[in-house]
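A.B. asks: File name coords.cif; file contents mmCIF, C-alpha atoms and all ligand atoms; full text below.
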```cif
data_data
#
loop_
_atom_site.label_atom_id
_atom_site.label_comp_id
_atom_site.auth_asym_id
_atom_site.auth_seq_id
_atom_site.Cartn_x
_atom_site.Cartn_y
_atom_site.Cartn_z
CA MET A 115 -27.63 -55.11 43.56
CA THR A 116 -26.82 -54.59 47.24
CA SER A 117 -23.82 -55.91 49.11
CA ASP A 118 -22.15 -55.38 52.45
CA PRO A 119 -20.64 -51.94 52.80
CA VAL A 120 -16.91 -51.76 52.10
CA ARG A 121 -15.22 -51.56 55.53
CA LEU A 122 -12.82 -48.68 55.18
CA GLY A 123 -9.90 -47.56 57.31
CA VAL A 124 -8.60 -44.01 56.90
CA ALA A 125 -4.92 -43.03 57.09
CA GLY A 126 -4.62 -39.29 57.75
CA LEU A 127 -7.48 -37.22 59.14
CA GLY A 128 -6.55 -33.88 57.53
CA ARG A 129 -8.15 -31.69 54.93
CA ALA A 130 -8.41 -34.34 52.22
CA PHE A 131 -10.36 -36.61 54.60
CA MET A 132 -12.55 -33.70 55.67
CA LEU A 133 -13.48 -33.17 52.02
CA MET A 134 -14.48 -36.85 51.73
CA VAL A 135 -16.60 -36.85 54.90
CA PRO A 136 -19.87 -35.78 53.22
CA THR A 137 -19.38 -38.55 50.65
CA PHE A 138 -18.65 -41.25 53.23
CA ASN A 139 -21.49 -40.09 55.47
CA ALA A 140 -24.06 -40.11 52.66
CA ASP A 141 -23.15 -43.39 51.01
CA PRO A 142 -24.34 -46.64 52.60
CA ARG A 143 -21.98 -48.64 50.36
CA VAL A 144 -19.07 -47.71 52.59
CA LYS A 145 -18.56 -47.84 56.36
CA LEU A 146 -15.69 -46.14 58.20
CA VAL A 147 -14.43 -48.65 60.76
CA ALA A 148 -10.99 -47.34 61.82
CA ALA A 149 -8.46 -44.59 61.31
CA ALA A 150 -4.81 -43.74 61.90
CA ALA A 151 -3.71 -40.24 62.88
CA PRO A 152 -0.79 -38.92 64.93
CA ARG A 153 -2.91 -36.23 66.62
CA ALA A 154 -4.95 -37.45 69.59
CA GLU A 155 -7.68 -34.83 68.95
CA SER A 156 -8.22 -36.18 65.43
CA ARG A 157 -8.41 -39.77 66.66
CA ALA A 158 -10.89 -38.78 69.36
CA ALA A 159 -13.02 -36.85 66.85
CA PHE A 160 -13.05 -39.89 64.56
CA GLU A 161 -14.04 -42.27 67.36
CA ARG A 162 -16.82 -39.91 68.48
CA GLU A 163 -18.19 -39.56 64.98
CA TYR A 164 -17.90 -43.14 63.73
CA GLY A 165 -17.44 -45.30 66.78
CA GLY A 166 -14.49 -46.96 65.04
CA ARG A 167 -11.00 -47.50 66.38
CA GLY A 168 -8.33 -44.77 66.21
CA TYR A 169 -4.71 -45.91 65.83
CA GLU A 170 -1.51 -43.92 66.22
CA THR A 171 0.18 -45.52 63.22
CA VAL A 172 -0.79 -46.67 59.76
CA GLU A 173 0.92 -50.00 60.46
CA ALA A 174 -1.47 -50.63 63.38
CA LEU A 175 -4.42 -49.66 61.18
CA CYS A 176 -3.23 -52.12 58.54
CA ALA A 177 -3.18 -54.91 61.13
CA ASP A 178 -6.88 -54.39 61.96
CA PRO A 179 -8.74 -57.39 60.53
CA SER A 180 -12.01 -55.48 60.33
CA VAL A 181 -10.52 -53.18 57.67
CA GLU A 182 -10.95 -54.29 54.03
CA ALA A 183 -9.65 -51.21 52.25
CA ILE A 184 -7.64 -48.16 53.27
CA TYR A 185 -8.12 -44.58 52.11
CA ILE A 186 -4.66 -43.00 52.31
CA ALA A 187 -4.94 -39.25 52.80
CA THR A 188 -1.57 -38.48 54.34
CA PRO A 189 0.84 -35.91 52.81
CA HIS A 190 2.26 -36.82 49.37
CA GLN A 191 5.67 -37.88 50.65
CA MET A 192 4.13 -40.52 52.93
CA HIS A 193 1.96 -42.19 50.28
CA VAL A 194 4.69 -44.64 49.35
CA ASP A 195 5.24 -46.06 52.85
CA HIS A 196 1.54 -46.16 53.58
CA VAL A 197 0.61 -47.83 50.29
CA LEU A 198 3.36 -50.43 50.75
CA ALA A 199 2.15 -51.14 54.30
CA ALA A 200 -1.46 -51.50 53.16
CA ALA A 201 -0.50 -53.78 50.27
CA ARG A 202 1.62 -55.95 52.60
CA ALA A 203 -1.43 -56.34 54.82
CA GLY A 204 -3.58 -57.37 51.83
CA LYS A 205 -5.86 -54.30 51.97
CA HIS A 206 -7.33 -52.64 48.89
CA ILE A 207 -6.18 -49.04 48.56
CA LEU A 208 -7.63 -45.69 47.62
CA VAL A 209 -4.72 -43.25 47.72
CA GLU A 210 -4.96 -39.50 47.30
CA LYS A 211 -3.41 -37.82 44.32
CA PRO A 212 -0.58 -37.62 43.44
CA LEU A 213 0.19 -41.33 43.69
CA ALA A 214 3.74 -40.45 44.77
CA ILE A 215 6.34 -37.78 44.24
CA SER A 216 8.99 -39.83 42.41
CA MET A 217 8.44 -42.26 39.55
CA GLU A 218 10.58 -44.83 41.40
CA ASP A 219 8.21 -44.77 44.38
CA ALA A 220 5.21 -44.93 42.05
CA ASP A 221 6.66 -48.04 40.40
CA ARG A 222 7.21 -49.70 43.78
CA MET A 223 3.61 -48.96 44.78
CA VAL A 224 2.13 -50.34 41.58
CA ASP A 225 4.31 -53.46 41.87
CA ALA A 226 3.40 -53.95 45.52
CA ALA A 227 -0.34 -53.75 44.84
CA ARG A 228 -0.03 -56.08 41.88
CA GLY A 229 2.08 -58.53 43.89
CA ALA A 230 -0.40 -58.52 46.76
CA GLY A 231 -3.40 -58.90 44.45
CA VAL A 232 -5.10 -55.78 45.82
CA HIS A 233 -6.71 -52.89 43.95
CA LEU A 234 -4.85 -49.59 43.98
CA ILE A 235 -7.07 -46.63 43.04
CA VAL A 236 -5.68 -43.11 42.79
CA GLY A 237 -8.18 -40.48 43.75
CA PRO A 238 -10.25 -38.55 44.13
CA SER A 239 -9.00 -36.41 41.29
CA HIS A 240 -11.20 -34.23 39.17
CA SER A 241 -11.23 -36.88 36.48
CA PHE A 242 -13.92 -38.45 38.70
CA ASP A 243 -16.17 -35.37 38.31
CA PRO A 244 -19.46 -36.46 36.71
CA PRO A 245 -19.32 -33.92 33.82
CA VAL A 246 -15.81 -35.16 32.92
CA GLU A 247 -16.87 -38.78 33.13
CA LEU A 248 -19.98 -38.07 31.02
CA ALA A 249 -18.00 -36.17 28.37
CA ALA A 250 -15.38 -38.94 28.23
CA ARG A 251 -18.06 -41.56 27.62
CA LEU A 252 -19.79 -39.50 24.92
CA ILE A 253 -16.47 -38.93 23.18
CA GLU A 254 -15.52 -42.59 23.44
CA ARG A 255 -18.83 -43.46 21.78
CA GLY A 256 -18.03 -41.03 18.95
CA GLU A 257 -21.14 -38.96 19.70
CA PHE A 258 -19.61 -35.71 18.38
CA GLY A 259 -16.98 -37.09 16.00
CA ALA A 260 -13.26 -37.08 16.73
CA LEU A 261 -11.94 -35.08 19.68
CA ARG A 262 -9.37 -32.68 18.20
CA MET A 263 -8.43 -30.15 20.87
CA ILE A 264 -8.85 -29.45 24.60
CA GLN A 265 -8.40 -26.18 26.45
CA ALA A 266 -8.05 -26.56 30.23
CA LEU A 267 -7.51 -23.44 32.29
CA ASN A 268 -7.68 -22.74 35.99
CA TYR A 269 -6.85 -19.54 37.86
CA THR A 270 -6.93 -20.01 41.65
CA ASP A 271 -5.40 -18.73 44.90
CA PHE A 272 -3.75 -22.13 45.50
CA LEU A 273 -0.36 -20.76 46.48
CA TYR A 274 -1.87 -18.50 49.13
CA ARG A 275 -3.90 -21.11 50.98
CA PRO A 276 -2.32 -22.16 54.31
CA ARG A 277 0.56 -24.55 53.66
CA ARG A 278 2.93 -26.81 55.55
CA PRO A 279 6.56 -25.74 54.72
CA GLU A 280 7.22 -28.75 52.46
CA GLU A 281 4.19 -27.82 50.36
CA LEU A 282 6.25 -24.87 49.15
CA ARG A 283 9.31 -26.98 48.18
CA THR A 284 9.10 -28.57 44.74
CA GLU A 285 11.53 -31.43 45.48
CA GLU A 286 9.23 -32.52 48.32
CA GLY A 287 6.15 -32.45 46.11
CA GLY A 288 5.27 -28.82 46.77
CA GLY A 289 3.96 -26.22 44.35
CA VAL A 290 1.22 -26.47 41.79
CA LEU A 291 2.63 -29.37 39.75
CA PHE A 292 2.11 -32.31 42.08
CA SER A 293 -1.04 -31.00 43.78
CA GLN A 294 -2.86 -29.19 40.99
CA ALA A 295 -1.44 -30.01 37.56
CA ILE A 296 -2.13 -33.63 38.39
CA HIS A 297 -5.89 -32.87 38.35
CA GLN A 298 -5.75 -31.16 34.97
CA ILE A 299 -3.57 -33.92 33.54
CA ASP A 300 -5.96 -36.57 34.82
CA ILE A 301 -8.95 -34.76 33.28
CA VAL A 302 -7.29 -34.20 29.94
CA ARG A 303 -5.95 -37.76 29.76
CA ARG A 304 -9.40 -39.11 30.71
CA LEU A 305 -11.04 -37.12 27.91
CA ALA A 306 -8.41 -37.89 25.26
CA GLY A 307 -8.03 -41.60 25.94
CA GLY A 308 -5.02 -41.64 28.24
CA MET A 309 -2.12 -42.06 25.82
CA ALA A 310 -0.27 -38.74 25.87
CA THR A 311 2.80 -38.65 23.64
CA ASN A 312 4.70 -35.38 24.15
CA ILE A 313 4.73 -32.34 26.42
CA PHE A 314 6.17 -28.90 25.82
CA ALA A 315 5.81 -26.73 28.91
CA MET A 316 6.89 -23.63 30.76
CA THR A 317 6.55 -23.00 34.46
CA GLY A 318 6.70 -19.92 36.66
CA ALA A 319 8.02 -19.54 40.21
CA TRP A 320 7.42 -15.85 40.61
CA ASP A 321 6.87 -15.22 44.31
CA PRO A 322 10.17 -15.34 46.26
CA LYS A 323 8.23 -15.69 49.52
CA ARG A 324 6.68 -18.93 48.23
CA PRO A 325 9.58 -20.25 46.16
CA THR A 326 8.03 -23.07 44.19
CA GLU A 327 6.20 -23.34 40.87
CA GLY A 328 2.97 -21.38 41.13
CA ALA A 329 1.96 -21.52 37.46
CA PHE A 330 2.54 -23.42 34.26
CA THR A 331 1.35 -23.76 30.73
CA ALA A 332 1.77 -26.94 28.73
CA LEU A 333 1.02 -28.25 25.26
CA MET A 334 0.27 -31.93 25.21
CA THR A 335 -0.18 -34.29 22.28
CA PHE A 336 -2.01 -37.61 22.25
CA GLU A 337 -1.62 -40.81 20.30
CA ALA A 338 -5.18 -40.41 19.01
CA GLY A 339 -4.23 -37.07 17.43
CA CYS A 340 -5.82 -34.75 19.96
CA ILE A 341 -3.88 -31.69 21.18
CA ALA A 342 -4.39 -30.10 24.58
CA ASN A 343 -3.40 -26.84 26.19
CA LEU A 344 -3.21 -26.83 29.98
CA THR A 345 -2.77 -23.57 31.85
CA TYR A 346 -2.82 -23.14 35.61
CA SER A 347 -2.12 -20.18 37.86
CA GLY A 348 -2.06 -20.52 41.61
CA TYR A 349 -1.16 -16.80 41.86
CA ALA A 350 -4.51 -15.64 40.60
CA HIS A 351 -6.15 -12.37 41.34
CA PHE A 352 -8.68 -13.20 38.64
CA ASP A 353 -10.70 -16.22 39.80
CA SER A 354 -11.71 -18.45 36.86
CA ASP A 355 -14.66 -19.81 38.87
CA ILE A 356 -16.40 -16.73 37.48
CA TRP A 357 -16.47 -18.69 34.22
CA MET A 358 -17.87 -21.75 36.04
CA ASN A 359 -21.16 -20.05 36.92
CA ASP A 360 -19.63 -18.77 40.19
CA VAL A 361 -19.37 -22.30 41.53
CA GLY A 362 -16.17 -23.18 43.41
CA GLU A 363 -13.95 -26.22 42.86
CA LEU A 364 -15.83 -28.17 45.53
CA GLY A 365 -19.24 -27.50 44.02
CA GLN A 366 -20.04 -24.72 46.49
CA PRO A 367 -21.69 -21.51 45.33
CA LYS A 368 -19.08 -18.78 45.77
CA LYS A 369 -19.96 -16.36 48.53
CA PRO A 370 -20.22 -12.71 47.53
CA GLY A 371 -17.54 -10.79 49.38
CA SER A 372 -15.12 -13.73 49.54
CA TYR A 373 -12.76 -11.98 47.08
CA GLY A 374 -9.16 -11.87 48.32
CA GLY A 375 -9.91 -14.14 51.31
CA ALA A 376 -6.83 -16.39 50.95
CA ARG A 377 -4.32 -13.55 50.75
CA ARG A 378 -6.12 -11.64 53.52
CA ALA A 379 -5.96 -14.64 55.90
CA LEU A 380 -2.27 -15.18 55.14
CA SER A 381 -1.01 -11.64 55.60
CA ASN A 382 1.48 -11.27 58.48
CA LEU A 383 1.57 -14.95 59.49
CA THR A 384 4.76 -16.76 60.53
CA PRO A 385 5.31 -20.25 59.00
CA ASP A 386 4.24 -21.76 62.35
CA ASP A 387 1.04 -19.72 62.40
CA GLU A 388 0.43 -20.85 58.85
CA THR A 389 0.84 -24.55 59.68
CA ARG A 390 -1.59 -24.02 62.58
CA LEU A 391 -4.03 -22.23 60.31
CA LYS A 392 -3.95 -25.26 58.02
CA THR A 393 -5.26 -27.44 60.84
CA THR A 394 -8.33 -25.19 61.10
CA ARG A 395 -9.35 -26.51 57.68
CA THR A 396 -9.18 -30.19 58.61
CA PHE A 397 -11.38 -32.94 60.06
CA GLY A 398 -12.62 -32.15 63.56
CA SER A 399 -12.29 -28.38 63.02
CA GLY A 400 -16.00 -28.00 62.37
CA THR A 401 -15.32 -26.68 58.85
CA THR A 402 -17.74 -27.95 56.21
CA VAL A 403 -18.23 -27.36 52.52
CA ASP A 404 -21.80 -26.96 51.27
CA ALA A 405 -21.73 -28.37 47.77
CA ALA A 406 -24.79 -27.84 45.61
CA HIS A 407 -23.20 -28.78 42.28
CA ASN A 408 -20.63 -31.22 40.97
CA GLU A 409 -16.99 -30.40 41.65
CA HIS A 410 -14.89 -29.01 38.81
CA PHE A 411 -11.36 -27.93 38.01
CA GLY A 412 -11.89 -24.78 36.00
CA PRO A 413 -13.07 -24.17 32.47
CA ILE A 414 -12.62 -27.05 30.02
CA ILE A 415 -13.54 -26.62 26.35
CA LEU A 416 -13.44 -29.53 23.92
CA LEU A 417 -13.35 -29.18 20.17
CA CYS A 418 -14.81 -32.19 18.36
CA ASP A 419 -15.53 -32.57 14.64
CA ARG A 420 -19.27 -32.02 15.04
CA ALA A 421 -19.50 -29.90 18.21
CA ASP A 422 -17.69 -27.85 20.79
CA LEU A 423 -18.37 -28.87 24.39
CA ARG A 424 -18.07 -26.73 27.49
CA LEU A 425 -18.01 -28.56 30.80
CA THR A 426 -19.93 -26.81 33.57
CA PRO A 427 -20.46 -27.92 37.18
CA ASP A 428 -23.90 -29.20 36.18
CA GLY A 429 -23.17 -30.90 32.88
CA ILE A 430 -22.09 -30.22 29.33
CA GLU A 431 -23.06 -27.36 27.05
CA VAL A 432 -23.06 -28.71 23.51
CA PHE A 433 -22.56 -26.30 20.64
CA CYS A 434 -23.41 -28.04 17.33
CA ASP A 435 -23.58 -26.52 13.82
CA ILE A 436 -26.97 -24.86 14.11
CA GLU A 437 -28.24 -25.82 17.55
CA ARG A 438 -27.01 -25.80 21.10
CA SER A 439 -28.18 -27.98 23.96
CA PHE A 440 -27.33 -29.01 27.50
CA ILE A 441 -26.70 -32.50 28.85
CA GLU A 442 -27.13 -32.69 32.60
CA ALA A 443 -24.65 -34.54 34.83
CA PRO A 444 -26.75 -35.13 37.94
CA PHE A 445 -25.31 -34.09 41.29
CA GLY A 446 -25.67 -35.99 44.51
CA PRO A 447 -26.82 -37.30 46.84
CA ALA A 448 -23.38 -36.13 47.97
CA PRO A 449 -20.23 -35.04 46.13
CA ARG A 450 -17.73 -37.64 44.88
CA ARG A 451 -20.23 -40.46 44.50
CA THR A 452 -18.16 -41.68 41.56
CA VAL A 453 -15.18 -42.34 43.85
CA ILE A 454 -17.30 -44.73 45.89
CA ASP A 455 -18.62 -46.27 42.64
CA ALA A 456 -14.99 -47.01 41.73
CA LEU A 457 -14.10 -48.36 45.17
CA VAL A 458 -17.12 -50.65 45.39
CA ALA A 459 -16.70 -51.91 41.81
CA ALA A 460 -13.06 -52.77 42.52
CA VAL A 461 -13.46 -54.29 45.98
CA ARG A 462 -16.82 -56.04 45.48
CA ARG A 463 -16.74 -56.92 41.78
CA ASN A 464 -13.02 -57.01 41.03
CA ASP A 465 -13.65 -54.39 38.35
CA PRO A 466 -10.85 -51.80 38.31
CA PRO A 467 -11.59 -48.15 37.51
CA VAL A 468 -9.79 -45.96 34.98
CA GLN A 469 -7.76 -44.39 37.80
CA THR A 470 -5.61 -47.39 38.73
CA GLY A 471 -2.06 -47.23 40.08
CA GLU A 472 -0.76 -47.51 36.50
CA TRP A 473 -3.00 -44.56 35.54
CA GLY A 474 -1.74 -42.49 38.48
CA LEU A 475 1.83 -43.30 37.53
CA ALA A 476 1.20 -42.14 33.96
CA SER A 477 -0.26 -38.83 35.18
CA LEU A 478 2.71 -38.40 37.53
CA GLU A 479 5.03 -38.93 34.55
CA VAL A 480 3.39 -35.92 32.90
CA CYS A 481 4.03 -33.74 36.00
CA HIS A 482 7.72 -34.61 35.84
CA ALA A 483 7.77 -34.07 32.10
CA ILE A 484 6.33 -30.56 32.56
CA LEU A 485 9.15 -29.75 34.98
CA ARG A 486 11.77 -31.30 32.67
CA SER A 487 10.47 -29.54 29.58
CA ALA A 488 10.37 -26.21 31.41
CA ALA A 489 13.94 -26.68 32.64
CA SER A 490 15.34 -27.82 29.29
CA GLY A 491 13.28 -25.67 26.94
CA VAL A 492 12.47 -28.63 24.69
CA PRO A 493 9.54 -31.03 24.34
CA VAL A 494 9.67 -34.23 26.37
CA ALA A 495 8.47 -37.59 25.05
CA LEU A 496 6.31 -39.64 27.41
CA GLN A 497 7.09 -43.34 27.92
CA ARG A 498 4.82 -44.58 30.71
CA GLN A 499 1.32 -43.73 29.51
CA CYS A 500 -1.67 -46.04 29.67
CA LYS A 501 -5.09 -46.11 28.06
CA THR A 502 -8.45 -45.63 29.69
CA LYS A 503 -10.46 -48.78 29.79
CA TYR A 504 -14.09 -48.21 29.20
CA GLU A 505 -16.95 -50.65 28.92
CA GLU A 506 -20.61 -49.79 28.67
CA PRO A 507 -22.28 -50.91 31.90
CA THR A 508 -24.47 -53.94 31.33
CA GLY A 509 -27.90 -54.41 32.91
N1 LIG B 1 -8.52 -34.77 46.20
C1 LIG B 1 -8.62 -33.63 46.85
O1 LIG B 1 -9.55 -32.85 46.69
C2 LIG B 1 -7.54 -33.28 47.85
C3 LIG B 1 -7.67 -32.15 48.65
C4 LIG B 1 -6.69 -31.90 49.60
C5 LIG B 1 -5.61 -32.75 49.71
N2 LIG B 1 -5.50 -33.83 48.88
C6 LIG B 1 -4.37 -34.76 48.99
O2 LIG B 1 -4.43 -35.38 50.26
C7 LIG B 1 -3.14 -35.55 50.81
C8 LIG B 1 -3.09 -34.87 52.17
O3 LIG B 1 -3.23 -33.47 51.99
P1 LIG B 1 -4.01 -32.57 53.05
O4 LIG B 1 -4.18 -31.24 52.43
O5 LIG B 1 -5.20 -33.30 53.55
O6 LIG B 1 -2.92 -32.46 54.18
P2 LIG B 1 -3.21 -32.28 55.74
O7 LIG B 1 -1.93 -31.86 56.33
O8 LIG B 1 -4.42 -31.44 55.96
O9 LIG B 1 -3.58 -33.75 56.20
C9 LIG B 1 -2.66 -34.78 56.30
C10 LIG B 1 -2.97 -35.54 57.57
O10 LIG B 1 -2.12 -36.66 57.66
C11 LIG B 1 -1.77 -36.80 59.02
N3 LIG B 1 -0.56 -37.59 59.15
C12 LIG B 1 0.73 -37.17 59.09
N4 LIG B 1 1.56 -38.22 59.29
C13 LIG B 1 0.77 -39.31 59.46
C14 LIG B 1 1.03 -40.67 59.73
N5 LIG B 1 2.28 -41.13 59.80
N6 LIG B 1 0.00 -41.51 59.87
C15 LIG B 1 -1.29 -41.07 59.78
N7 LIG B 1 -1.60 -39.77 59.53
C16 LIG B 1 -0.57 -38.92 59.38
C17 LIG B 1 -1.63 -35.38 59.55
O11 LIG B 1 -1.76 -35.34 60.95
C18 LIG B 1 -2.78 -34.69 58.82
O12 LIG B 1 -3.96 -34.71 59.57
C19 LIG B 1 -2.17 -34.96 49.79
O13 LIG B 1 -1.58 -35.99 49.05
C20 LIG B 1 -3.03 -34.07 48.92
O14 LIG B 1 -2.61 -34.02 47.56
C21 LIG B 1 -6.45 -34.09 47.98
#
```
Please re-express this file's structure in structure tokens.
Ligand SMILES: NC(=O)c1ccc[n+]([C@@H]2O[C@H](COP(=O)([O-])OP(=O)(O)OC[C@H]3O[C@@H](n4cnc5c(N)ncnc54)[C@H](O)[C@@H]3O)[C@@H](O)[C@H]2O)c1

C.D. replies:
Amino acid sequence: MTSDPVRLGVAGLGRAFMLMVPTFNADPRVKLVAAAAPRAESRAAFEREYGGRGYETVEALCADPSVEAIYIATPHQMHVDHVLAAARAGKHILVEKPLAISMEDADRMVDAARGAGVHLIVGPSHSFDPPVELAARLIERGEFGALRMIQALNYTDFLYRPRRPEELRTEEGGGVLFSQAIHQIDIVRRLAGGMATNIFAMTGAWDPKRPTEGAFTALMTFEAGCIANLTYSGYAHFDSDIWMNDVGELGQPKKPGSYGGARRALSNLTPDDETRLKTTRTFGSGTTVDAAHNEHFGPIILLCDRADLRLTPDGIEVFCDIERSFIEAPFGPAPRRTVIDALVAAVRRNDPPVQTGEWGLASLEVCHAILRSAASGVPVALQRQCKTKYEEPTG
């Protein structure tokens, strides 16, 4: 079935937008018609590339009648104001993860979208990755028996990529919890049905020069009985992409010789230099990512009654009692096709995805619970979880 492309406005033309550009450019179901960005160079680059209108403020973007939905890719702390503005203007919303920093803001955003009758989708997160989606559907259908245990691990150089100062302050949404744990939580909740019950976690903030959480490990339990172990290090010297067939998070084959690149680029920079370096990784900088596989967020192993599953960038390795096999999760035509699937289904067919505002709020609750459990030394019970909704596509 074809329909008019969703007319999308973009708020924030930084790195997150740059990562979505290949998806938007390849998918005729969406058309970029306008953008808001404070930097004149970014607005000019957008207008050159898409012929749309560049606005200085998100409020002006929201007032553009040609815009049906807004992709909000501004820094975490601005999501709340920008989501509220978009909802007030009656626009559907795709907002980057995390939904917000505080639970209070997240509640206001969910209420505003509900009150305005617009869809609020939180993503992309790696729960949209095709191998995750495929595994979740197979598990939901009971293909391998009950899901009992999940191991999710990721070792990256996250803390040593160029950062704005607030990205290194936990109370402003910095560190690995709000930017990275949220992906792992989303994946694990997607696979285990959404309803997490308790978290017992420990965190590490071990580099005084970057004084925010750089690592954590968490045990999570689910209503359905599944247990999950989430471990993340943003301090890594070991790069766990080695265990993902040497494919990077964005689906790009890792370049030989790239070892140590993040720390090398960062050595001897002042905070101002670092903020400037960050802008060399954004839209208009000419940087591109050449994905050849699905995106991923590190090794994920699932233990089910009748099989163990290993997610790879290309699909799922299935280890049964006496046989092993591979189920492909096709890639392309561009990365993140599933995010556009979700946007189009919501806007054109009024069919919400798994990753609604309520879903994003529930994943955010887990981030806070990890911090609380680590600070208190005791498990934390979760109160705001929601289920995945899944229906077999018809036709
Ligand atoms: N899903 C992913 O793969 C992914 C990757 C990177 C970032 N993100 C998310 O995207 C968000 C942005 O992160 P980033 O790394 O792109 O940061 P960034 O600093 O590269 O980009 C943010 C952009 O927002 C712009 N901006 C600031 N104030 C604005 C305003 N008032 N109106 C319009 N634009 C404004 C900045 O000029 C900048 O270009 C974060 O929430 C982050 O978690 C997601």

A.B. asks: Counting all atoms listed in the file, which residues of chain A fall within 8 Å of ligand LIG 1 (chain B), and what is the closest atom pair for each with its distance in Å at one decimal, ordered by chain and rising number, as a tab-separated table?

C.D. replies:
```
residue	atom	partner	partner_atom	distance
A:Ala125	CA	B:LIG1	C15	4.9
A:Gly126	CA	B:LIG1	N7	3.5
A:Leu127	CA	B:LIG1	O12	4.3
A:Gly128	CA	B:LIG1	O9	3.3
A:Arg129	CA	B:LIG1	O5	3.6
A:Ala130	CA	B:LIG1	O5	3.6
A:Phe131	CA	B:LIG1	O5	6.2
A:Met132	CA	B:LIG1	O5	7.7
A:Leu133	CA	B:LIG1	O1	6.6
A:Ala150	CA	B:LIG1	C15	4.9
A:Ala151	CA	B:LIG1	N7	4.0
A:Pro152	CA	B:LIG1	O11	5.4
A:Arg153	CA	B:LIG1	O11	5.9
A:Ser156	CA	B:LIG1	O12	7.4
A:Glu170	CA	B:LIG1	N6	7.0
A:Thr171	CA	B:LIG1	N6	5.2
A:Val172	CA	B:LIG1	N6	5.2
A:Ile186	CA	B:LIG1	C7	7.8
A:Ala187	CA	B:LIG1	C7	4.6
A:Thr188	CA	B:LIG1	O10	3.8
A:Pro189	CA	B:LIG1	C8	4.1
A:His190	CA	B:LIG1	O13	3.9
A:Gln191	CA	B:LIG1	O13	7.7
A:Met192	CA	B:LIG1	N5	7.1
A:His193	CA	B:LIG1	O13	7.2
A:His196	CA	B:LIG1	N6	8.0
A:Glu210	CA	B:LIG1	C6	5.1
A:Lys211	CA	B:LIG1	O14	5.1
A:Pro212	CA	B:LIG1	O14	5.8
A:Leu213	CA	B:LIG1	O13	7.8
A:Gly237	CA	B:LIG1	N1	6.2
A:Pro238	CA	B:LIG1	N1	4.6
A:Ser239	CA	B:LIG1	N1	5.2
A:His240	CA	B:LIG1	N1	7.5
A:Arg278	CA	B:LIG1	O7	7.1
A:Phe292	CA	B:LIG1	O14	7.4
A:Ser293	CA	B:LIG1	O14	5.1
A:Leu364	CA	B:LIG1	O1	7.9
A:Lys392	CA	B:LIG1	O8	6.5
A:Thr393	CA	B:LIG1	O8	6.4
A:Arg395	CA	B:LIG1	O8	7.2
A:Thr396	CA	B:LIG1	O8	5.6
A:Phe397	CA	B:LIG1	O12	7.6
```

A.B. asks: Counting all atoms listed in the file, what are the residues of range 186-281 of chain A within 10 Å of range 435-441 of chain A, and for each of them which pair of atoms is the nearest and at what distance in Å, to one decimal? Sort the table by chain and rising number, as a Markdown table.

C.D. replies:
```
| residue | atom | partner | partner_atom | distance |
| --- | --- | --- | --- | --- |
| A:Pro245 | CA | A:Ile441 | CA | 9.0 |
| A:Leu248 | CA | A:Ile441 | CA | 9.0 |
| A:Ala249 | CA | A:Ile441 | CA | 9.5 |
```

A.B. asks: Quick one: write out the picked residues with C-alpha atoms as an mmCIF file, keeping the file's coordinate frame?

C.D. replies:
```cif
data_model
loop_
_atom_site.group_PDB
_atom_site.id
_atom_site.type_symbol
_atom_site.label_atom_id
_atom_site.label_comp_id
_atom_site.auth_asym_id
_atom_site.auth_seq_id
_atom_site.Cartn_x
_atom_site.Cartn_y
_atom_site.Cartn_z
ATOM 1 C CA PRO A 245 -19.320 -33.920 33.820
ATOM 2 C CA LEU A 248 -19.980 -38.070 31.020
ATOM 3 C CA ALA A 249 -18.000 -36.170 28.370
#
```

A.B. asks: Rank nothing, just name the residue among A:Ala350, A:Val232, A:Ala376, A:Leu417 nearest to Ala306 in chain A, using only C-alpha atoms.

C.D. replies: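 Comparing A:Ala350, A:Val232, A:Ala376, A:Leu417 against Ala306 in chain A, the winner is A:Leu417.
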
A.B. asks: Can you pull out every residue within 10 Å of Val144 in chain A, counting only C-alpha atoms, but drop anything in the same chain fewer than 2 positions away, and send it as a list in words?

C.D. replies: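 Everything that qualifies: Asp118, Pro119, Val120, Arg121, Leu122, Thr137, Phe138, Asn139, Ala140, Asp141, Pro142, Leu146, Val147, Ile454, Leu457 and Val458 of chain A.
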
A.B. asks: Could you write out that same residue set with C-alpha atoms as a compact mmCIF listing (two decimals), keeping the file's coordinate frame?

C.D. replies:
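File produced: again03.txt:
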```
# COMPACT_ATOMS: atom_id res chain seq x y z
CA ASP A 118 -22.15 -55.38 52.45
CA PRO A 119 -20.64 -51.94 52.80
CA VAL A 120 -16.91 -51.76 52.10
CA ARG A 121 -15.22 -51.56 55.53
CA LEU A 122 -12.82 -48.68 55.18
CA THR A 137 -19.38 -38.55 50.65
CA PHE A 138 -18.65 -41.25 53.23
CA ASN A 139 -21.49 -40.09 55.47
CA ALA A 140 -24.06 -40.11 52.66
CA ASP A 141 -23.15 -43.39 51.01
CA PRO A 142 -24.34 -46.64 52.60
CA LEU A 146 -15.69 -46.14 58.20
CA VAL A 147 -14.43 -48.65 60.76
CA ILE A 454 -17.30 -44.73 45.89
CA LEU A 457 -14.10 -48.36 45.17
CA VAL A 458 -17.12 -50.65 45.39
```

A.B. asks: Smallest atom-to-atom distance to Met134 in chain A: which of A:Val468, A:Leu208, A:Met334, A:Ala443, using all atoms listed in the file?

C.D. replies: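 When distances to Met134 in chain A are compared using all atoms listed in the file, the smallest one comes from A:Leu208.
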